[in-house]
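Here the structure is laid out as structure tokens; the discussion comes afterwards.
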Amino acid sequence: MIRSIRARFAAIILLAILGCGPLWAVDADALLAEVDQRMQPGALEMYRKIINVEPDGRSREFVLYTVRSGADSMAAVFLDPASERGRSTLRLGDNMWLYIPDVGRPIRITSLQSVVGGVFSNTDILRLDFSVEYTATLLEDDGEQYVLDLQARGPDVAYDRLKMWVDQQTRTPAKIEAYAATGLLIKTLEYSRITDFGDGIVRPAMLETTSPLQRGYRSVMLFSGIARRDFPDEVFSLSYLPRIGDLRR
Amino acid sequence: MRHGRLGLLLFLLPALGHAEFEFDFDVERYERKPYEVSGYLQGTFEHFLLDRDSALYALNFPDGQRRDFQRYRATGNVSGQYRWDNTTLNGRLHAEWRDDVFGSGDDVTVQELYLNHRSSDRLSAEMGKRTLRWGTGYAWNPVAFLERPKDPTDPDLTREGFVLAQAEYVRSFAGPLRTLVLNPLILPVNDDLNEDFGADSALNPAGRVYLLYRDTDIHLTARASGSRPGALGIALSRNLAPHFEVHAELAGFGRRELTVVDDDGTLGSRDARSTDVLLGLRYLTQGETTWIAEYYRNGAGYTRQEIRNFFDLARESGEDPRAQRRAAQARASGYGAPQVMRDYLYLRVRNNEPWDLLHWAVGGTAIVNLNDGSASLIPELSYTGIANLELRGRLATLTGGQNTEFGERQNDWRLEFRARYSF
């Protein structure tokens with residue numbers, strides 16, 4: 001009887017502690033999954049414009065149409081500029097391929113390469129859900145933002161560690177710092193322009209990237225036309241790469 | 001007053017810089033249209049410095065007078081697509097005008113023209129002239145049984161296809177086998193169709209099975225015996241790390257007759273039943289330099305004695321017209337193909353924006369004949385700083401002693417400038 005009362009008392013104390021501290025209240029992995037859901041809600045299509053701003057002030061633009069399904073399937077095709085038109089990329093988990101119309105054959109590429117130059121790597125362009133690649137720990141809660149420490153789940157992930165600032169109101173990232181395994185800061189990504197794309201999709205429409213390794217460069221990604229849309233699994237295969245552009249409406 | 005305007009300008013500059021980032025993104029521009037047209041226009045200038053002691057110089061320049069020459073080429077390549085419902089009509093037209101010491105000429109080729117019909121997400125069929133691309137190798141593809149030869153010094157160039165009919169069935173799965181593609185086809189040959197694929201009329205059934213199994217690309221390819229001997233192949237590719245890819249191809253060919261030059265300079269033939277091998281890797285360094293290395297074993301390639309006999313015959317060309325005819329016939333029958341001997345090493349290195357030079361890329365390609373030590377070395381420089389325009393310069397040098405493959409080619413080096421405008 002006494003043991004039972006003690007157990008209940010201990011449980012009440014524990015619940016009180018969990019209830020009082022916000023840091024204790026937040027499940028970091030669940031928060032990361034929610035961030036993923038808000039940034040890329042399930043199967044969707046979207047258009048992206050990438051602008052590489054160069055140290056001399058000139059800029060170069062690329063436009064991509066992207067389709068996504070499930071947690072690890074994504075494909076994109078370049079619509080502009082003319083010199084890149086028809087180039088397609090496919091990501092299935094850790095596998096990435098590039099299809100060049102003249103070559104006519106998909107070749108495997110590495111996630112650290114960049115098909116567009118500038119600061120964005122292939123990983124940034126064909127980004128999977130963060131929670132697929134990282135485990136999260138809550139570092140800080142200042143009342144407006146959560147700060148998450150994301151550790152790569154395996155060696156095949158392009159960035160070993162991410163530090164992510166999450167806006168508490170929209171549950172979307174405001175800023176991400178990407179680090180190598182050595183602790184070196186590789187790049188900083190900043191999200192802005194929270195936009196309602198319709199169908200319950202509210203997320204940033206702009207991503208700006210800088211890197212201490214590429215001083216003077218700046219890359220910006222604009223998001224548009226994000227819409228929920230289901231695709232058959234067969235769309236995410238090497239055979240379909242030359243026809244990704246045909247999925248546009 | 002002038003200072004005032006300058007001050008105002010300096011005050012506004014940051015704002016102007018900021019205005020640059022008020023991007024508009026007109027998505028409606030990118031809605032799908034029923035048709036699409038794209039392509040490029042290209043101009044090429046080449047200067048050849050000839051090797052007057054080489055065997056192929058003797059064959060090409062029997063009078064022995066010329067030291068060098070220039071070649072000018074203008075190329076247009078246009079691709080188009082028209083869609084209606086689940087059917088698309090695709091075409092690619094290649095036009096080239098050329099002028100050099102051998103004369104002027106132009107040529108228009110329909111590289112591709114085919115209909116594609118999708119009856120479901122999984123099943124589609126195609127008919128017409130189509131360029132296939134089988135295999136995982138970059139410079140060579142032993143398992144590409146239905147393609148025209150690739151130029152390893154410029155593997156990304158477009159190539160002409162063959163007239164064929166094919167079906168494709170794609171299926172995705174959730175387990176370790178992620179994707180399955182079945183691709184049966186026929187490539188008919190007769191007097192009017194695909195006559196350069198082989199001399200004998202035949203339907204030439206062939207096929208490919210592609211699997212993405214445990215993160216590995218697996219291609220199984222086959223060609224039934226017909227206008228060319230039967231062949232079986234397997235190609236593999238896998239990323240061992242985010243910056244490191246490995247690939248391999250293995251192809252076995254049925255018996256075929258190979259034209260050879262005998263010791264006495266006459267043309268004969270020998271039976272060849274070969275196995276070709278390709279081993280390769282692609283590696284990206286932290287400094288953003290891409291390395292591609294490949295070893296290629298051409299199982300039916302000529303021996304050092306067989307190639308020496310051909311070079312001896314070619315050297316006789318200047319003095320004996322009959323020898324010249326035989327040498328030209330030998331070249332057309334097999335000796336003129338790229339990489340005609342047995343073992344080769346390919347190395348390509350490319351670094352974008354070296355030394356922080358915006359829009360510049362520097363690189364080089366080496367093809368080494370491991371049987372005789374001769375090599376082709378091609379350093380290159382390219383610039384893409386103007387929208388849709390690529391400028392490329394290459395110096396192709398050949399090294400090797402007497403009776404070696406690259407040492408006996410007609411030129412010592414070739415300087416090339418190319419400008420390509422994409423639209």
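Labeling convention for the structure tokens: chains A, B, ... as they appear, residues from 1 per chain, ligands from 1 in order of appearance.
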### Query
Quick one: residues within 10 Å of range 163-169 of chain A, only C-alpha atoms counted, chain neighbours fewer than 5 positions away excluded, as a VMD selection string?
chain A and resid 31 to 32 35 136 to 151 174 to 179 188 to 190
Pull out every residue of chain B that has at least one atom within 7 Å of chain A, counting only C-alpha atoms, and report them as a PDB file with N, CA and C atoms, in the first residue's frame.
```pdb
ATOM      1  N   VAL B  27       5.515  31.675 -63.041  1.00  0.00           N
ATOM      2  CA  VAL B  27       5.419  30.224 -63.270  1.00  0.00           C
ATOM      3  C   VAL B  27       4.624  29.898 -64.527  1.00  0.00           C
ATOM      4  N   GLU B  31       4.309  26.547 -68.116  1.00  0.00           N
ATOM      5  CA  GLU B  31       3.259  25.543 -68.334  1.00  0.00           C
ATOM      6  C   GLU B  31       3.610  24.717 -69.560  1.00  0.00           C
ATOM      7  N   ARG B  32       3.172  23.495 -69.548  1.00  0.00           N
ATOM      8  CA  ARG B  32       3.527  22.582 -70.640  1.00  0.00           C
ATOM      9  C   ARG B  32       2.838  22.994 -71.935  1.00  0.00           C
ATOM     10  N   ASP B 121       1.050   3.995 -66.922  1.00  0.00           N
ATOM     11  CA  ASP B 121       2.262   4.486 -66.258  1.00  0.00           C
ATOM     12  C   ASP B 121       3.405   3.490 -66.385  1.00  0.00           C
ATOM     13  N   ARG B 122       3.044   2.227 -66.563  1.00  0.00           N
ATOM     14  CA  ARG B 122       4.084   1.194 -66.576  1.00  0.00           C
ATOM     15  C   ARG B 122       4.500   0.753 -67.966  1.00  0.00           C
ATOM     16  N   ARG B 133      21.046   4.126 -75.483  1.00  0.00           N
ATOM     17  CA  ARG B 133      22.243   4.365 -74.667  1.00  0.00           C
ATOM     18  C   ARG B 133      22.264   3.316 -73.569  1.00  0.00           C
ATOM     19  N   ASP B 156      30.192  12.917 -75.023  1.00  0.00           N
ATOM     20  CA  ASP B 156      28.863  13.510 -74.881  1.00  0.00           C
ATOM     21  C   ASP B 156      28.242  13.940 -76.209  1.00  0.00           C
ATOM     22  N   LEU B 157      28.950  13.746 -77.322  1.00  0.00           N
ATOM     23  CA  LEU B 157      28.405  14.165 -78.614  1.00  0.00           C
ATOM     24  C   LEU B 157      27.165  13.354 -78.973  1.00  0.00           C
ATOM     25  N   THR B 158      26.217  14.011 -79.667  1.00  0.00           N
ATOM     26  CA  THR B 158      25.024  13.283 -80.101  1.00  0.00           C
ATOM     27  C   THR B 158      25.423  12.299 -81.204  1.00  0.00           C
ATOM     28  N   VAL B 170       7.883  -0.847 -66.856  1.00  0.00           N
ATOM     29  CA  VAL B 170       8.564  -0.371 -65.641  1.00  0.00           C
ATOM     30  C   VAL B 170       7.730  -0.748 -64.434  1.00  0.00           C
ATOM     31  N   ARG B 171       8.392  -1.241 -63.400  1.00  0.00           N
ATOM     32  CA  ARG B 171       7.663  -1.579 -62.173  1.00  0.00           C
ATOM     33  C   ARG B 171       8.511  -1.185 -60.973  1.00  0.00           C
ATOM     34  N   SER B 172       7.910  -0.528 -60.012  1.00  0.00           N
ATOM     35  CA  SER B 172       8.621  -0.146 -58.788  1.00  0.00           C
ATOM     36  C   SER B 172       8.143  -0.992 -57.625  1.00  0.00           C
ATOM     37  N   THR B 179      13.485  -1.081 -58.463  1.00  0.00           N
ATOM     38  CA  THR B 179      12.944  -0.829 -59.798  1.00  0.00           C
ATOM     39  C   THR B 179      13.270  -1.997 -60.725  1.00  0.00           C
ATOM     40  N   ASP B 215      20.544  -0.557 -53.976  1.00  0.00           N
ATOM     41  CA  ASP B 215      21.296   0.652 -54.356  1.00  0.00           C
ATOM     42  C   ASP B 215      22.332   0.416 -55.457  1.00  0.00           C
ATOM     43  N   ALA B 241      30.291   5.896 -51.789  1.00  0.00           N
ATOM     44  CA  ALA B 241      30.238   7.011 -50.838  1.00  0.00           C
ATOM     45  C   ALA B 241      29.620   8.183 -51.589  1.00  0.00           C
ATOM     46  N   PRO B 242      29.216   9.248 -50.867  1.00  0.00           N
ATOM     47  CA  PRO B 242      28.575  10.369 -51.577  1.00  0.00           C
ATOM     48  C   PRO B 242      29.456  10.989 -52.669  1.00  0.00           C
ATOM     49  N   HIS B 243      30.771  10.760 -52.626  1.00  0.00           N
ATOM     50  CA  HIS B 243      31.652  11.376 -53.621  1.00  0.00           C
ATOM     51  C   HIS B 243      32.374  10.333 -54.474  1.00  0.00           C
ATOM     52  N   PHE B 244      31.943   9.078 -54.439  1.00  0.00           N
ATOM     53  CA  PHE B 244      32.720   8.017 -55.073  1.00  0.00           C
ATOM     54  C   PHE B 244      31.798   6.981 -55.706  1.00  0.00           C
ATOM     55  N   ASN B 388      24.083  30.905 -72.368  1.00  0.00           N
ATOM     56  CA  ASN B 388      23.825  29.918 -73.425  1.00  0.00           C
ATOM     57  C   ASN B 388      24.958  29.760 -74.427  1.00  0.00           C
ATOM     58  N   SER B 422      23.452  27.575 -77.455  1.00  0.00           N
ATOM     59  CA  SER B 422      22.246  26.776 -77.227  1.00  0.00           C
ATOM     60  C   SER B 422      21.009  27.652 -77.288  1.00  0.00           C
ATOM     61  N   PHE B 423      19.926  27.107 -77.830  1.00  0.00           N
ATOM     62  CA  PHE B 423      18.675  27.878 -77.882  1.00  0.00           C
ATOM     63  C   PHE B 423      17.488  27.006 -77.501  1.00  0.00           C
TER      64      PHE B 423
END
```
### Query
Looking only at the backbone, which of the residues in range 130-198 of chain B does DSSP tag as strand (DSSP E or B), as a PyMOL selection string?
chain B and resi 130+162-172+177-186+189
### Message
Given only C-alpha atoms as the basis, pick out the residue of A:Lys187, A:Arg91, A:Arg243, A:Arg161 nearest to Ser219 in chain A.
### Response
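Of the candidates, the smallest distance to Ser219 in chain A is held by A:Lys187.
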### Task
For CA of Phe130 in chain A and CA of Tyr217 in chain A, determine how far apart the two atoms are, in Å to one decimal place.
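It comes out at 25.0 Å.
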### Task
Would you mind telling me which residue in B:Leu258, B:Leu212, B:Ala366, B:Ala248 lies nearest to Leu281 in chain B when using only C-alpha atoms?
B:Ala248
### Task
Using only C-alpha atoms, determine which residues lie at most 12 Å from Gln37 in chain A, disregarding the query and same-chain residues fewer than 5 positions distant; provide the list as a ChimeraX atom specification.
/A:30-32,42-44,70-71,128-132,170-173,200-203,228
With all heavy atoms retained, write the just-selected residues as a compact mmCIF listing (two decimals), in the first residue's frame.
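The result, written out as again-v2.txt:
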```
# COMPACT_ATOMS: atom_id res chain seq x y z
N ALA A 30 10.12 14.50 -33.18
CA ALA A 30 8.74 14.76 -33.63
C ALA A 30 8.63 16.15 -34.22
O ALA A 30 7.94 16.37 -35.23
CB ALA A 30 7.77 14.60 -32.46
N LEU A 31 9.36 17.11 -33.62
CA LEU A 31 9.36 18.48 -34.15
C LEU A 31 9.97 18.50 -35.55
O LEU A 31 9.45 19.16 -36.47
CB LEU A 31 10.15 19.40 -33.21
CG LEU A 31 10.35 20.84 -33.68
CD1 LEU A 31 9.01 21.55 -33.88
CD2 LEU A 31 11.21 21.62 -32.68
N LEU A 32 11.08 17.75 -35.72
CA LEU A 32 11.73 17.70 -37.03
C LEU A 32 10.78 17.09 -38.08
O LEU A 32 10.70 17.57 -39.22
CB LEU A 32 13.02 16.89 -36.94
CG LEU A 32 13.92 16.93 -38.16
CD1 LEU A 32 14.41 18.35 -38.45
CD2 LEU A 32 15.12 15.99 -37.99
N GLY A 42 4.18 15.60 -48.14
CA GLY A 42 3.82 14.41 -48.91
C GLY A 42 4.14 14.54 -50.38
O GLY A 42 5.13 15.14 -50.77
N ALA A 43 3.27 13.97 -51.21
CA ALA A 43 3.49 13.99 -52.65
C ALA A 43 3.14 15.37 -53.19
O ALA A 43 2.07 15.90 -52.89
CB ALA A 43 2.64 12.92 -53.32
N LEU A 44 4.04 15.95 -53.97
CA LEU A 44 3.79 17.32 -54.46
C LEU A 44 4.56 17.58 -55.75
O LEU A 44 5.45 16.83 -56.15
CB LEU A 44 4.15 18.35 -53.40
CG LEU A 44 5.56 18.35 -52.82
CD1 LEU A 44 6.57 19.05 -53.73
CD2 LEU A 44 5.55 19.08 -51.47
N GLY A 70 6.51 10.11 -51.44
CA GLY A 70 7.08 9.33 -50.35
C GLY A 70 8.18 10.10 -49.64
O GLY A 70 8.32 11.31 -49.80
N ALA A 71 8.97 9.36 -48.85
CA ALA A 71 9.98 10.04 -48.03
C ALA A 71 11.30 10.22 -48.77
O ALA A 71 12.12 11.05 -48.38
CB ALA A 71 10.22 9.23 -46.76
N LEU A 128 15.82 15.53 -49.37
CA LEU A 128 14.83 14.62 -48.80
C LEU A 128 14.34 15.21 -47.49
O LEU A 128 14.79 16.28 -47.06
CB LEU A 128 15.47 13.26 -48.53
CG LEU A 128 16.07 12.53 -49.73
CD1 LEU A 128 16.62 11.19 -49.29
CD2 LEU A 128 15.02 12.34 -50.80
N ASP A 129 13.43 14.51 -46.82
CA ASP A 129 13.01 14.96 -45.49
C ASP A 129 14.22 14.97 -44.56
O ASP A 129 15.04 14.04 -44.57
CB ASP A 129 11.94 14.02 -44.93
CG ASP A 129 10.59 14.28 -45.56
OD1 ASP A 129 10.47 15.27 -46.30
OD2 ASP A 129 9.67 13.50 -45.32
N PHE A 130 14.32 16.01 -43.73
CA PHE A 130 15.43 16.07 -42.78
C PHE A 130 15.39 14.86 -41.84
O PHE A 130 16.42 14.29 -41.50
CB PHE A 130 15.35 17.36 -41.95
CG PHE A 130 15.65 18.60 -42.73
CD1 PHE A 130 14.63 19.48 -43.07
CD2 PHE A 130 16.94 18.90 -43.11
CE1 PHE A 130 14.91 20.63 -43.78
CE2 PHE A 130 17.23 20.07 -43.82
CZ PHE A 130 16.21 20.92 -44.16
N SER A 131 14.17 14.46 -41.44
CA SER A 131 14.08 13.38 -40.46
C SER A 131 14.49 12.02 -41.04
O SER A 131 14.75 11.09 -40.29
CB SER A 131 12.65 13.29 -39.91
OG SER A 131 11.73 13.19 -40.96
N VAL A 132 14.57 11.91 -42.37
CA VAL A 132 15.06 10.67 -42.98
C VAL A 132 16.57 10.57 -42.77
O VAL A 132 17.12 9.49 -42.54
CB VAL A 132 14.72 10.63 -44.49
CG1 VAL A 132 15.42 9.47 -45.19
CG2 VAL A 132 13.22 10.56 -44.70
N THR A 170 5.30 29.06 -37.12
CA THR A 170 5.00 28.37 -38.39
C THR A 170 5.56 26.95 -38.43
O THR A 170 5.23 26.18 -39.32
CB THR A 170 5.61 29.15 -39.57
OG1 THR A 170 7.03 29.23 -39.39
CG2 THR A 170 5.02 30.54 -39.67
N ARG A 171 6.43 26.62 -37.47
CA ARG A 171 7.09 25.31 -37.44
C ARG A 171 7.83 25.03 -38.74
O ARG A 171 7.75 23.95 -39.31
CB ARG A 171 6.07 24.19 -37.16
CG ARG A 171 5.33 24.37 -35.85
CD ARG A 171 6.05 23.67 -34.73
NE ARG A 171 5.51 24.02 -33.43
CZ ARG A 171 5.61 23.24 -32.36
NH1 ARG A 171 6.18 22.08 -32.44
NH2 ARG A 171 5.15 23.64 -31.21
N THR A 172 8.49 26.09 -39.25
CA THR A 172 9.33 25.93 -40.44
C THR A 172 10.72 26.46 -40.10
O THR A 172 10.87 27.29 -39.20
CB THR A 172 8.77 26.73 -41.63
OG1 THR A 172 8.65 28.11 -41.27
CG2 THR A 172 7.43 26.20 -42.09
N PRO A 173 11.76 26.01 -40.81
CA PRO A 173 13.11 26.47 -40.47
C PRO A 173 13.30 27.94 -40.83
O PRO A 173 12.78 28.39 -41.86
CB PRO A 173 14.03 25.59 -41.34
CG PRO A 173 13.18 24.64 -42.05
CD PRO A 173 11.76 25.05 -41.92
N GLY A 200 -3.54 24.29 -47.57
CA GLY A 200 -2.93 24.09 -46.26
C GLY A 200 -1.41 24.15 -46.27
O GLY A 200 -0.77 23.88 -45.25
N ILE A 201 -0.81 24.49 -47.39
CA ILE A 201 0.66 24.56 -47.46
C ILE A 201 1.11 26.00 -47.17
O ILE A 201 0.90 26.91 -47.98
CB ILE A 201 1.18 24.11 -48.83
CG1 ILE A 201 0.70 22.70 -49.16
CG2 ILE A 201 2.71 24.18 -48.89
CD1 ILE A 201 1.01 22.24 -50.56
N VAL A 202 1.68 26.19 -45.98
CA VAL A 202 2.21 27.50 -45.59
C VAL A 202 3.67 27.31 -45.23
O VAL A 202 4.00 26.59 -44.28
CB VAL A 202 1.43 28.08 -44.38
CG1 VAL A 202 2.01 29.44 -43.99
CG2 VAL A 202 -0.04 28.20 -44.68
N ARG A 203 4.55 27.90 -46.00
CA ARG A 203 5.98 27.67 -45.79
C ARG A 203 6.79 28.80 -46.44
O ARG A 203 6.25 29.60 -47.20
CB ARG A 203 6.40 26.32 -46.38
CG ARG A 203 5.96 26.10 -47.81
CD ARG A 203 6.89 25.15 -48.53
NE ARG A 203 8.18 25.80 -48.75
CZ ARG A 203 9.28 25.15 -49.09
NH1 ARG A 203 9.27 23.85 -49.23
NH2 ARG A 203 10.42 25.79 -49.30
N ARG A 228 -0.12 19.92 -53.87
CA ARG A 228 -0.18 18.48 -53.59
C ARG A 228 -0.57 17.74 -54.86
O ARG A 228 -1.49 18.15 -55.56
CB ARG A 228 -1.22 18.19 -52.51
CG ARG A 228 -0.88 18.78 -51.16
CD ARG A 228 -1.99 18.47 -50.17
NE ARG A 228 -1.94 19.38 -49.03
CZ ARG A 228 -1.21 19.16 -47.94
NH1 ARG A 228 -0.47 18.09 -47.84
NH2 ARG A 228 -1.23 20.04 -46.94
```
### Message
Could you check the closest approach to Gly336 in chain B for each of B:Lys33, B:Arg92, B:Arg71, B:Arg409 and tell me which residue wins, using only C-alpha atoms?
### Response
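For Gly336 in chain B, the nearest of the candidates is B:Arg409.
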### Message
Restricting the calculation to only C-alpha atoms: of B:Pro379, B:Gly43, B:Gly334, B:Gly385, which residue gets closest to Ala74 in chain B?
### Response
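Closest to Ala74 in chain B of all the choices is B:Gly43.
CA of Lys150 in chain B is found 24.3 Å from CA of Leu284 in chain B.
What separates CA of Gln70 in chain B from CA of Ser317 in chain B is a distance of 23.2 Å.
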### Task
May I ask which of the residues B:Ser382, B:Thr365, B:Leu345, B:Ala55 is the closest one to Thr397 in chain B, counting only C-alpha atoms?
B:Thr365
### Query
Which one is closest to Gln324 in chain B: B:Met341, B:Phe310, B:Thr153, B:Tyr383? Count only C-alpha atoms.
B:Phe310
### Task
Do a neighbour search on Gly91 in chain B at 7 Å with only C-alpha atoms, toss out local chain neighbours closer than 5 positions, and write the hits as a ChimeraX atom specification.
/B:79-81,112-114
Could you write those residues out with N, CA and C atoms, as a short mmCIF file (atom, residue, chain, number, x, y, z; two decimals), in the first residue's frame?
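This is the output file result-v7.cif:
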```
data_model
loop_
_atom_site.label_atom_id
_atom_site.label_comp_id
_atom_site.auth_asym_id
_atom_site.auth_seq_id
_atom_site.Cartn_x
_atom_site.Cartn_y
_atom_site.Cartn_z
N SER B 79 16.43 19.71 -81.86
CA SER B 79 15.56 18.65 -81.33
C SER B 79 14.15 19.21 -81.18
N GLY B 80 13.17 18.40 -81.47
CA GLY B 80 11.79 18.85 -81.33
C GLY B 80 10.91 17.73 -80.81
N GLN B 81 9.81 18.15 -80.19
CA GLN B 81 8.87 17.16 -79.64
C GLN B 81 7.46 17.73 -79.79
N GLU B 112 17.36 11.16 -84.99
CA GLU B 112 16.26 10.47 -84.34
C GLU B 112 14.94 10.95 -84.93
N LEU B 113 13.98 10.05 -85.07
CA LEU B 113 12.61 10.42 -85.45
C LEU B 113 11.73 9.24 -85.06
N TYR B 114 11.01 9.37 -83.95
CA TYR B 114 10.25 8.21 -83.47
C TYR B 114 8.99 8.65 -82.73
#
```
### Query
Near Leu185 in chain B, within 8 Å and counting only C-alpha atoms, which residues show up once chain neighbours fewer than 6 positions away are dropped, as number ranges by chain?
B: 164-167, 205-207
Residues from the last selection, all heavy atoms, saved as a PDB file, in the first residue's frame:
```pdb
ATOM      1  N   LEU B 164      14.095   1.118 -85.193  1.00  0.00           N
ATOM      2  CA  LEU B 164      13.773  -0.039 -84.351  1.00  0.00           C
ATOM      3  C   LEU B 164      12.371   0.123 -83.768  1.00  0.00           C
ATOM      4  O   LEU B 164      11.754   1.183 -83.864  1.00  0.00           O
ATOM      5  CB  LEU B 164      14.812  -0.186 -83.231  1.00  0.00           C
ATOM      6  CG  LEU B 164      15.124   1.037 -82.350  1.00  0.00           C
ATOM      7  CD1 LEU B 164      14.143   1.123 -81.192  1.00  0.00           C
ATOM      8  CD2 LEU B 164      16.537   0.947 -81.806  1.00  0.00           C
ATOM      9  N   ALA B 165      11.896  -0.954 -83.172  1.00  0.00           N
ATOM     10  CA  ALA B 165      10.631  -0.911 -82.432  1.00  0.00           C
ATOM     11  C   ALA B 165      10.892  -1.519 -81.068  1.00  0.00           C
ATOM     12  O   ALA B 165      11.538  -2.573 -80.967  1.00  0.00           O
ATOM     13  CB  ALA B 165       9.554  -1.705 -83.172  1.00  0.00           C
ATOM     14  N   GLN B 166      10.427  -0.847 -80.017  1.00  0.00           N
ATOM     15  CA  GLN B 166      10.700  -1.378 -78.681  1.00  0.00           C
ATOM     16  C   GLN B 166       9.527  -1.120 -77.745  1.00  0.00           C
ATOM     17  O   GLN B 166       8.723  -0.212 -77.946  1.00  0.00           O
ATOM     18  CB  GLN B 166      11.979  -0.771 -78.098  1.00  0.00           C
ATOM     19  CG  GLN B 166      11.911   0.712 -77.825  1.00  0.00           C
ATOM     20  CD  GLN B 166      13.164   1.214 -77.103  1.00  0.00           C
ATOM     21  OE1 GLN B 166      13.861   0.460 -76.436  1.00  0.00           O
ATOM     22  NE2 GLN B 166      13.453   2.487 -77.237  1.00  0.00           N
ATOM     23  N   ALA B 167       9.447  -1.956 -76.729  1.00  0.00           N
ATOM     24  CA  ALA B 167       8.452  -1.785 -75.671  1.00  0.00           C
ATOM     25  C   ALA B 167       9.202  -1.615 -74.363  1.00  0.00           C
ATOM     26  O   ALA B 167      10.360  -2.028 -74.243  1.00  0.00           O
ATOM     27  CB  ALA B 167       7.539  -2.992 -75.594  1.00  0.00           C
ATOM     28  N   PRO B 205      16.404  -9.439 -82.909  1.00  0.00           N
ATOM     29  CA  PRO B 205      15.793  -9.197 -81.607  1.00  0.00           C
ATOM     30  C   PRO B 205      16.859  -8.946 -80.542  1.00  0.00           C
ATOM     31  O   PRO B 205      17.957  -9.511 -80.610  1.00  0.00           O
ATOM     32  CB  PRO B 205      15.031 -10.504 -81.309  1.00  0.00           C
ATOM     33  CG  PRO B 205      15.400 -11.467 -82.355  1.00  0.00           C
ATOM     34  CD  PRO B 205      16.235 -10.802 -83.403  1.00  0.00           C
ATOM     35  N   ALA B 206      16.549  -8.086 -79.625  1.00  0.00           N
ATOM     36  CA  ALA B 206      17.499  -7.768 -78.548  1.00  0.00           C
ATOM     37  C   ALA B 206      16.691  -7.325 -77.335  1.00  0.00           C
ATOM     38  O   ALA B 206      15.460  -7.202 -77.406  1.00  0.00           O
ATOM     39  CB  ALA B 206      18.451  -6.661 -78.989  1.00  0.00           C
ATOM     40  N   GLY B 207      17.355  -7.091 -76.226  1.00  0.00           N
ATOM     41  CA  GLY B 207      16.614  -6.654 -75.049  1.00  0.00           C
ATOM     42  C   GLY B 207      17.506  -6.266 -73.903  1.00  0.00           C
ATOM     43  O   GLY B 207      18.715  -6.516 -73.913  1.00  0.00           O
TER      44      GLY B 207
END
```
